[in-house]
$ cat input.txt   # compact mmCIF, C-alpha atoms
# COMPACT_ATOMS: atom_id res chain seq x y z
CA MET A 175 151.85 101.89 115.80
CA HIS A 176 154.82 100.39 117.54
CA LEU A 177 155.38 96.73 118.03
CA THR A 178 155.18 97.02 121.84
CA GLU A 179 151.77 98.72 121.63
CA SER A 180 150.51 95.98 119.33
CA ILE A 181 151.68 93.24 121.69
CA THR A 182 150.10 95.00 124.68
CA ASP A 183 146.80 95.44 122.87
CA GLN A 184 146.75 91.77 121.88
CA ALA A 185 147.49 90.71 125.46
CA GLN A 186 144.58 92.83 126.73
CA ILE A 187 142.20 91.33 124.17
CA THR A 188 143.33 87.80 125.05
CA ALA A 189 142.89 88.41 128.78
CA LEU A 190 139.44 89.90 128.25
CA SER A 191 138.24 87.07 126.03
CA SER A 192 139.47 84.42 128.45
CA GLN A 193 137.52 86.05 131.29
CA TYR A 194 134.36 86.16 129.22
CA GLY A 195 134.96 82.58 128.11
CA VAL A 196 134.91 81.37 131.69
CA PHE A 197 131.76 83.38 132.36
CA ALA A 198 130.10 81.90 129.26
CA ILE A 199 130.91 78.33 130.34
CA VAL A 200 129.54 78.92 133.85
CA TRP A 201 126.39 80.50 132.37
CA TYR A 202 125.89 77.56 129.99
CA VAL A 203 126.25 75.05 132.84
CA ILE A 204 123.59 76.89 134.87
CA VAL A 205 121.22 76.96 131.88
CA ALA A 206 121.84 73.25 131.19
CA ILE A 207 121.11 72.32 134.82
CA ALA A 208 117.89 74.34 134.80
CA LEU A 209 116.70 72.92 131.48
CA TRP A 210 117.65 69.39 132.57
CA ARG A 211 115.14 69.65 135.42
CA VAL A 212 112.46 71.22 133.20
CA PHE A 213 112.86 68.48 130.58
CA SER A 214 112.79 65.76 133.24
CA LYS A 215 109.53 67.11 134.68
CA ALA A 216 108.04 67.16 131.19
CA GLY A 217 109.01 63.54 130.54
CA TYR A 218 111.93 64.13 128.16
CA PRO A 219 115.48 62.90 128.80
CA GLY A 220 117.27 65.61 130.77
CA VAL A 221 120.56 64.93 129.02
CA LEU A 222 119.15 66.65 125.91
CA ALA A 223 119.61 69.96 127.74
CA LEU A 224 123.36 69.62 127.24
CA ILE A 225 123.20 69.66 123.44
CA PRO A 226 123.14 73.30 122.29
CA ILE A 227 120.59 73.33 119.45
CA VAL A 228 118.65 70.24 120.45
CA ASN A 229 117.72 71.86 123.77
CA VAL A 230 115.81 74.59 121.93
CA PHE A 231 113.92 71.98 119.87
CA ILE A 232 112.95 70.11 123.04
CA LEU A 233 111.96 73.32 124.84
CA VAL A 234 109.59 74.16 121.98
CA LYS A 235 108.15 70.62 122.16
CA VAL A 236 107.69 70.95 125.95
CA ALA A 237 105.77 74.15 125.27
CA GLY A 238 103.43 72.16 123.04
CA TYR A 239 104.54 73.25 119.59
CA SER A 240 105.93 71.07 116.84
CA ALA A 241 109.72 70.84 116.77
CA TRP A 242 109.54 72.26 113.24
CA ALA A 243 108.23 75.50 114.72
CA THR A 244 111.73 76.03 116.15
CA LEU A 245 112.72 77.22 112.69
CA LEU A 246 110.71 80.37 113.40
CA TYR A 247 113.62 81.44 115.62
CA LEU A 248 115.62 81.99 112.41
CA ILE A 249 113.31 84.73 111.09
CA PRO A 250 114.09 88.24 112.40
CA ILE A 251 111.31 89.89 114.46
CA VAL A 252 109.24 86.70 114.21
CA ASN A 253 111.77 85.10 116.58
CA ILE A 254 110.95 87.65 119.29
CA VAL A 255 107.21 87.07 118.99
CA PHE A 256 107.67 83.30 118.85
CA GLY A 257 109.96 83.42 121.89
CA ILE A 258 107.22 85.19 123.84
CA LEU A 259 104.62 82.67 122.67
CA VAL A 260 106.85 79.75 123.71
CA ALA A 261 107.41 81.35 127.13
CA LEU A 262 103.66 81.92 127.63
CA ARG A 263 102.78 78.38 126.57
CA LEU A 264 105.57 76.89 128.69
CA GLY A 265 104.34 78.79 131.72
CA GLU A 266 100.80 77.65 131.01
CA ARG A 267 101.96 74.02 130.86
CA PHE A 268 103.58 74.38 134.27
CA GLY A 269 100.61 76.22 135.80
CA LYS A 270 102.19 79.67 135.83
CA GLY A 271 100.51 82.92 134.85
CA GLY A 272 101.21 85.28 132.00
CA VAL A 273 103.23 87.80 134.03
CA PHE A 274 105.50 85.06 135.39
CA SER A 275 105.88 83.62 131.90
CA PHE A 276 106.71 86.92 130.25
CA PHE A 277 109.19 88.18 132.81
CA LEU A 278 110.74 84.96 134.12
CA LEU A 279 110.49 82.64 131.15
CA TRP A 280 111.19 85.11 128.37
CA LEU A 281 112.99 88.14 129.74
CA PHE A 282 114.97 86.44 132.54
CA SER A 283 114.58 82.88 131.30
CA VAL A 284 117.28 81.18 133.38
CA ILE A 285 115.67 82.32 136.62
CA GLY A 286 112.29 81.08 135.40
CA TYR A 287 113.71 77.72 134.33
CA LEU A 288 115.33 77.29 137.74
CA ILE A 289 112.05 78.14 139.49
CA ILE A 290 110.06 75.72 137.33
CA GLY A 291 112.71 72.99 137.45
CA PHE A 292 113.46 73.05 141.15
CA GLY A 293 110.11 74.35 142.40
CA SER A 294 106.84 72.60 142.99
CA ALA A 295 105.41 73.26 139.51
CA GLN A 296 103.98 70.19 137.79
CA TYR A 297 103.92 69.68 134.03
CA SER A 298 100.55 69.21 132.36
CA GLU A 299 100.29 68.37 128.66
CA ARG A 300 96.85 69.78 128.35
CA ARG A 301 96.07 73.45 128.63
CA VAL A 302 95.23 74.58 132.13

$ encode --input "input.txt" --output "structure tokens"
Amino acid sequence: MHLTESITDQAQITALSSQYGVFAIVWYVIVAIALWRVFSKAGYPGVLALIPIVNVFILVKVAGYSAWATLLYLIPIVNIVFGILVALRLGERFGKGGVFSFFLLWLFSVIGYLIIGFGSAQYSERRV
């Protein structure tokens, strides 16, 4: 491998990572805005949506589980099942059905959070 090829390859990798970095920051800002509204409707401080790991703990609490249950996200395969259960319970707390919860709170979660946060859904601590 020649030195010029190595420099060119490194420049391509740097350019690619900087483009994805910008995309990742924009994506994180959108998620934080959506979760801010969801947390505010549930009675939690919205600013907690900005803190990367804390926002998952609060989301699990909004769904009605103990914050300790968030540790289930660390176990392979269990994390998928628990993610679905959190989405279903979160949808239930905001008066949404199972299909909405599965597709828009688990599979395409950001869209679901935006709908819940900026829509007319009201949070209810008790099961509907």

$ atom_distance --input "input.txt" --atom1 "CA of Val260 in chain A" --atom2 "CA of Trp210 in chain A"
17.4 Å

$ closest_residue --input "input.txt" --among "A:Ile199, A:Leu224, A:Val205, A:Ile254" --to "Ile289 in chain A" --atoms "all atoms listed in the file"
A:Val205

$ residues_around --input "input.txt" --residues "Ser294 in chain A" --least-positions-apart "3" --cutoff "12 Å" --atoms "all atoms listed in the file" --output "list in words"
Arg211, Val212, Lys215, Phe268, Gly269, Lys270, Leu288, Ile289, Ile290, Gly291 and Tyr297 of chain A

$ axis_aligned_box --input "input.txt" --around "range 268-275 of chain A" --padding-each-side "4 Å" --output "AutoDock Vina command-line options"
--center_x 103.2 --center_y 81.1 --center_z 133.9 --size_x 13.4 --size_y 21.4 --size_z 11.9

$ atom_distance --input "input.txt" --atom1 "CA of Val221 in chain A" --atom2 "CA of Val273 in chain A"
29.1 Å

$ atom_distance --input "input.txt" --atom1 "CA of Ile258 in chain A" --atom2 "CA of Pro226 in chain A"
19.9 Å

$ residues_near_point --input "input.txt" --point "(112.5, 76.1, 133.9)" --cutoff "12 Å" --atoms "only C-alpha atoms" --output "JSON, numbers by chain"
{"A": [204, 205, 206, 207, 208, 209, 210, 211, 212, 213, 214, 215, 216, 220, 223, 233, 236, 237, 261, 264, 265, 267, 268, 270, 274, 275, 278, 279, 280, 282, 283, 284, 285, 286, 287, 288, 289, 290, 291, 292, 293, 294, 295, 296, 297]}

$ write_last_selection --input "input.txt" --atoms "C-alpha atoms" --output "PDB file, keeping the file's coordinate frame"
ATOM      1  CA  ILE A 204     123.590  76.890 134.870  1.00  0.00           C
ATOM      2  CA  VAL A 205     121.220  76.960 131.880  1.00  0.00           C
ATOM      3  CA  ALA A 206     121.840  73.250 131.190  1.00  0.00           C
ATOM      4  CA  ILE A 207     121.110  72.320 134.820  1.00  0.00           C
ATOM      5  CA  ALA A 208     117.890  74.340 134.800  1.00  0.00           C
ATOM      6  CA  LEU A 209     116.700  72.920 131.480  1.00  0.00           C
ATOM      7  CA  TRP A 210     117.650  69.390 132.570  1.00  0.00           C
ATOM      8  CA  ARG A 211     115.140  69.650 135.420  1.00  0.00           C
ATOM      9  CA  VAL A 212     112.460  71.220 133.200  1.00  0.00           C
ATOM     10  CA  PHE A 213     112.860  68.480 130.580  1.00  0.00           C
ATOM     11  CA  SER A 214     112.790  65.760 133.240  1.00  0.00           C
ATOM     12  CA  LYS A 215     109.530  67.110 134.680  1.00  0.00           C
ATOM     13  CA  ALA A 216     108.040  67.160 131.190  1.00  0.00           C
ATOM     14  CA  GLY A 220     117.270  65.610 130.770  1.00  0.00           C
ATOM     15  CA  ALA A 223     119.610  69.960 127.740  1.00  0.00           C
ATOM     16  CA  LEU A 233     111.960  73.320 124.840  1.00  0.00           C
ATOM     17  CA  VAL A 236     107.690  70.950 125.950  1.00  0.00           C
ATOM     18  CA  ALA A 237     105.770  74.150 125.270  1.00  0.00           C
ATOM     19  CA  ALA A 261     107.410  81.350 127.130  1.00  0.00           C
ATOM     20  CA  LEU A 264     105.570  76.890 128.690  1.00  0.00           C
ATOM     21  CA  GLY A 265     104.340  78.790 131.720  1.00  0.00           C
ATOM     22  CA  ARG A 267     101.960  74.020 130.860  1.00  0.00           C
ATOM     23  CA  PHE A 268     103.580  74.380 134.270  1.00  0.00           C
ATOM     24  CA  LYS A 270     102.190  79.670 135.830  1.00  0.00           C
ATOM     25  CA  PHE A 274     105.500  85.060 135.390  1.00  0.00           C
ATOM     26  CA  SER A 275     105.880  83.620 131.900  1.00  0.00           C
ATOM     27  CA  LEU A 278     110.740  84.960 134.120  1.00  0.00           C
ATOM     28  CA  LEU A 279     110.490  82.640 131.150  1.00  0.00           C
ATOM     29  CA  TRP A 280     111.190  85.110 128.370  1.00  0.00           C
ATOM     30  CA  PHE A 282     114.970  86.440 132.540  1.00  0.00           C
ATOM     31  CA  SER A 283     114.580  82.880 131.300  1.00  0.00           C
ATOM     32  CA  VAL A 284     117.280  81.180 133.380  1.00  0.00           C
ATOM     33  CA  ILE A 285     115.670  82.320 136.620  1.00  0.00           C
ATOM     34  CA  GLY A 286     112.290  81.080 135.400  1.00  0.00           C
ATOM     35  CA  TYR A 287     113.710  77.720 134.330  1.00  0.00           C
ATOM     36  CA  LEU A 288     115.330  77.290 137.740  1.00  0.00           C
ATOM     37  CA  ILE A 289     112.050  78.140 139.490  1.00  0.00           C
ATOM     38  CA  ILE A 290     110.060  75.720 137.330  1.00  0.00           C
ATOM     39  CA  GLY A 291     112.710  72.990 137.450  1.00  0.00           C
ATOM     40  CA  PHE A 292     113.460  73.050 141.150  1.00  0.00           C
ATOM     41  CA  GLY A 293     110.110  74.350 142.400  1.00  0.00           C
ATOM     42  CA  SER A 294     106.840  72.600 142.990  1.00  0.00           C
ATOM     43  CA  ALA A 295     105.410  73.260 139.510  1.00  0.00           C
ATOM     44  CA  GLN A 296     103.980  70.190 137.790  1.00  0.00           C
ATOM     45  CA  TYR A 297     103.920  69.680 134.030  1.00  0.00           C
TER      46      TYR A 297
END

$ residues_near_point --input "input.txt" --point "(100.3, 70.2, 123.9)" --cutoff "6 Å" --atoms "only C-alpha atoms" --output "ChimeraX atom specification"
/A:238,299-300

$ write_last_selection --input "input.txt" --atoms "C-alpha atoms" --output "mmCIF file, in the frame of the given file"
data_model
loop_
_atom_site.group_PDB
_atom_site.id
_atom_site.type_symbol
_atom_site.label_atom_id
_atom_site.label_comp_id
_atom_site.auth_asym_id
_atom_site.auth_seq_id
_atom_site.Cartn_x
_atom_site.Cartn_y
_atom_site.Cartn_z
ATOM 1 C CA GLY A 238 103.430 72.160 123.040
ATOM 2 C CA GLU A 299 100.290 68.370 128.660
ATOM 3 C CA ARG A 300 96.850 69.780 128.350
#

$ build_atoms --input "input.txt" --residues "range 276-287 of chain A" --atoms "all heavy atoms" --output "PDB file, in the frame of the given file"
ATOM      1  N   PHE A 276     106.068  85.875 131.032  1.00  0.00           N
ATOM      2  CA  PHE A 276     106.710  86.920 130.250  1.00  0.00           C
ATOM      3  C   PHE A 276     108.032  87.352 130.881  1.00  0.00           C
ATOM      4  O   PHE A 276     109.059  87.419 130.215  1.00  0.00           O
ATOM      5  CB  PHE A 276     105.793  88.133 130.091  1.00  0.00           C
ATOM      6  CG  PHE A 276     106.405  89.241 129.289  1.00  0.00           C
ATOM      7  CD1 PHE A 276     106.432  89.173 127.908  1.00  0.00           C
ATOM      8  CD2 PHE A 276     106.982  90.335 129.914  1.00  0.00           C
ATOM      9  CE1 PHE A 276     107.014  90.183 127.155  1.00  0.00           C
ATOM     10  CE2 PHE A 276     107.570  91.341 129.180  1.00  0.00           C
ATOM     11  CZ  PHE A 276     107.582  91.271 127.795  1.00  0.00           C
ATOM     12  N   PHE A 277     107.989  87.647 132.166  1.00  0.00           N
ATOM     13  CA  PHE A 277     109.190  88.180 132.810  1.00  0.00           C
ATOM     14  C   PHE A 277     110.218  87.112 133.159  1.00  0.00           C
ATOM     15  O   PHE A 277     111.418  87.321 132.984  1.00  0.00           O
ATOM     16  CB  PHE A 277     108.824  88.984 134.060  1.00  0.00           C
ATOM     17  CG  PHE A 277     108.208  90.307 133.730  1.00  0.00           C
ATOM     18  CD1 PHE A 277     106.860  90.522 133.907  1.00  0.00           C
ATOM     19  CD2 PHE A 277     108.982  91.328 133.220  1.00  0.00           C
ATOM     20  CE1 PHE A 277     106.285  91.736 133.587  1.00  0.00           C
ATOM     21  CE2 PHE A 277     108.425  92.552 132.894  1.00  0.00           C
ATOM     22  CZ  PHE A 277     107.067  92.765 133.080  1.00  0.00           C
ATOM     23  N   LEU A 278     109.784  85.959 133.645  1.00  0.00           N
ATOM     24  CA  LEU A 278     110.740  84.960 134.120  1.00  0.00           C
ATOM     25  C   LEU A 278     110.976  83.799 133.166  1.00  0.00           C
ATOM     26  O   LEU A 278     111.868  82.988 133.410  1.00  0.00           O
ATOM     27  CB  LEU A 278     110.309  84.436 135.488  1.00  0.00           C
ATOM     28  CG  LEU A 278     110.438  85.460 136.620  1.00  0.00           C
ATOM     29  CD1 LEU A 278     109.946  84.864 137.926  1.00  0.00           C
ATOM     30  CD2 LEU A 278     111.851  85.957 136.765  1.00  0.00           C
ATOM     31  N   LEU A 279     110.205  83.685 132.129  1.00  0.00           N
ATOM     32  CA  LEU A 279     110.490  82.640 131.150  1.00  0.00           C
ATOM     33  C   LEU A 279     110.946  83.207 129.813  1.00  0.00           C
ATOM     34  O   LEU A 279     111.494  82.489 128.990  1.00  0.00           O
ATOM     35  CB  LEU A 279     109.278  81.733 130.947  1.00  0.00           C
ATOM     36  CG  LEU A 279     108.940  80.839 132.121  1.00  0.00           C
ATOM     37  CD1 LEU A 279     107.679  80.038 131.834  1.00  0.00           C
ATOM     38  CD2 LEU A 279     110.083  79.917 132.465  1.00  0.00           C
ATOM     39  N   TRP A 280     110.702  84.495 129.598  1.00  0.00           N
ATOM     40  CA  TRP A 280     111.190  85.110 128.370  1.00  0.00           C
ATOM     41  C   TRP A 280     112.296  86.120 128.651  1.00  0.00           C
ATOM     42  O   TRP A 280     113.396  85.991 128.138  1.00  0.00           O
ATOM     43  CB  TRP A 280     110.054  85.781 127.600  1.00  0.00           C
ATOM     44  CG  TRP A 280     110.521  86.349 126.300  1.00  0.00           C
ATOM     45  CD1 TRP A 280     110.942  85.660 125.214  1.00  0.00           C
ATOM     46  CD2 TRP A 280     110.653  87.734 125.979  1.00  0.00           C
ATOM     47  NE1 TRP A 280     111.328  86.529 124.225  1.00  0.00           N
ATOM     48  CE2 TRP A 280     111.151  87.805 124.666  1.00  0.00           C
ATOM     49  CE3 TRP A 280     110.388  88.907 126.658  1.00  0.00           C
ATOM     50  CZ2 TRP A 280     111.400  89.018 124.026  1.00  0.00           C
ATOM     51  CZ3 TRP A 280     110.621  90.108 126.023  1.00  0.00           C
ATOM     52  CH2 TRP A 280     111.128  90.155 124.714  1.00  0.00           C
ATOM     53  N   LEU A 281     112.035  87.071 129.506  1.00  0.00           N
ATOM     54  CA  LEU A 281     112.990  88.140 129.740  1.00  0.00           C
ATOM     55  C   LEU A 281     114.184  87.669 130.587  1.00  0.00           C
ATOM     56  O   LEU A 281     115.335  87.937 130.247  1.00  0.00           O
ATOM     57  CB  LEU A 281     112.277  89.310 130.418  1.00  0.00           C
ATOM     58  CG  LEU A 281     112.905  90.673 130.302  1.00  0.00           C
ATOM     59  CD1 LEU A 281     113.157  91.025 128.852  1.00  0.00           C
ATOM     60  CD2 LEU A 281     112.005  91.715 130.930  1.00  0.00           C
ATOM     61  N   PHE A 282     113.917  86.983 131.672  1.00  0.00           N
ATOM     62  CA  PHE A 282     114.970  86.440 132.540  1.00  0.00           C
ATOM     63  C   PHE A 282     114.794  84.920 132.601  1.00  0.00           C
ATOM     64  O   PHE A 282     114.528  84.351 133.651  1.00  0.00           O
ATOM     65  CB  PHE A 282     114.871  87.047 133.950  1.00  0.00           C
ATOM     66  CG  PHE A 282     114.943  88.541 133.963  1.00  0.00           C
ATOM     67  CD1 PHE A 282     113.829  89.309 134.244  1.00  0.00           C
ATOM     68  CD2 PHE A 282     116.138  89.182 133.681  1.00  0.00           C
ATOM     69  CE1 PHE A 282     113.898  90.690 134.247  1.00  0.00           C
ATOM     70  CE2 PHE A 282     116.224  90.560 133.689  1.00  0.00           C
ATOM     71  CZ  PHE A 282     115.099  91.322 133.972  1.00  0.00           C
ATOM     72  N   SER A 283     114.973  84.281 131.469  1.00  0.00           N
ATOM     73  CA  SER A 283     114.580  82.880 131.300  1.00  0.00           C
ATOM     74  C   SER A 283     115.296  81.921 132.249  1.00  0.00           C
ATOM     75  O   SER A 283     114.679  80.979 132.727  1.00  0.00           O
ATOM     76  CB  SER A 283     114.791  82.450 129.862  1.00  0.00           C
ATOM     77  OG  SER A 283     116.125  82.645 129.477  1.00  0.00           O
ATOM     78  N   VAL A 284     116.550  82.138 132.527  1.00  0.00           N
ATOM     79  CA  VAL A 284     117.280  81.180 133.380  1.00  0.00           C
ATOM     80  C   VAL A 284     116.672  81.136 134.765  1.00  0.00           C
ATOM     81  O   VAL A 284     116.512  80.057 135.348  1.00  0.00           O
ATOM     82  CB  VAL A 284     118.778  81.546 133.437  1.00  0.00           C
ATOM     83  CG1 VAL A 284     119.513  80.623 134.376  1.00  0.00           C
ATOM     84  CG2 VAL A 284     119.384  81.476 132.060  1.00  0.00           C
ATOM     85  N   ILE A 285     116.301  82.281 135.294  1.00  0.00           N
ATOM     86  CA  ILE A 285     115.670  82.320 136.620  1.00  0.00           C
ATOM     87  C   ILE A 285     114.343  81.563 136.583  1.00  0.00           C
ATOM     88  O   ILE A 285     114.038  80.776 137.468  1.00  0.00           O
ATOM     89  CB  ILE A 285     115.463  83.779 137.075  1.00  0.00           C
ATOM     90  CG1 ILE A 285     116.814  84.468 137.230  1.00  0.00           C
ATOM     91  CG2 ILE A 285     114.683  83.832 138.381  1.00  0.00           C
ATOM     92  CD1 ILE A 285     116.726  85.962 137.432  1.00  0.00           C
ATOM     93  N   GLY A 286     113.560  81.778 135.537  1.00  0.00           N
ATOM     94  CA  GLY A 286     112.290  81.080 135.400  1.00  0.00           C
ATOM     95  C   GLY A 286     112.461  79.581 135.263  1.00  0.00           C
ATOM     96  O   GLY A 286     111.724  78.797 135.858  1.00  0.00           O
ATOM     97  N   TYR A 287     113.462  79.148 134.484  1.00  0.00           N
ATOM     98  CA  TYR A 287     113.710  77.720 134.330  1.00  0.00           C
ATOM     99  C   TYR A 287     114.127  77.090 135.654  1.00  0.00           C
ATOM    100  O   TYR A 287     113.721  75.974 135.983  1.00  0.00           O
ATOM    101  CB  TYR A 287     114.792  77.446 133.285  1.00  0.00           C
ATOM    102  CG  TYR A 287     114.461  77.905 131.890  1.00  0.00           C
ATOM    103  CD1 TYR A 287     115.468  78.276 131.015  1.00  0.00           C
ATOM    104  CD2 TYR A 287     113.145  77.975 131.433  1.00  0.00           C
ATOM    105  CE1 TYR A 287     115.190  78.697 129.724  1.00  0.00           C
ATOM    106  CE2 TYR A 287     112.854  78.403 130.149  1.00  0.00           C
ATOM    107  CZ  TYR A 287     113.881  78.764 129.302  1.00  0.00           C
ATOM    108  OH  TYR A 287     113.597  79.173 128.040  1.00  0.00           O
TER     109      TYR A 287
END
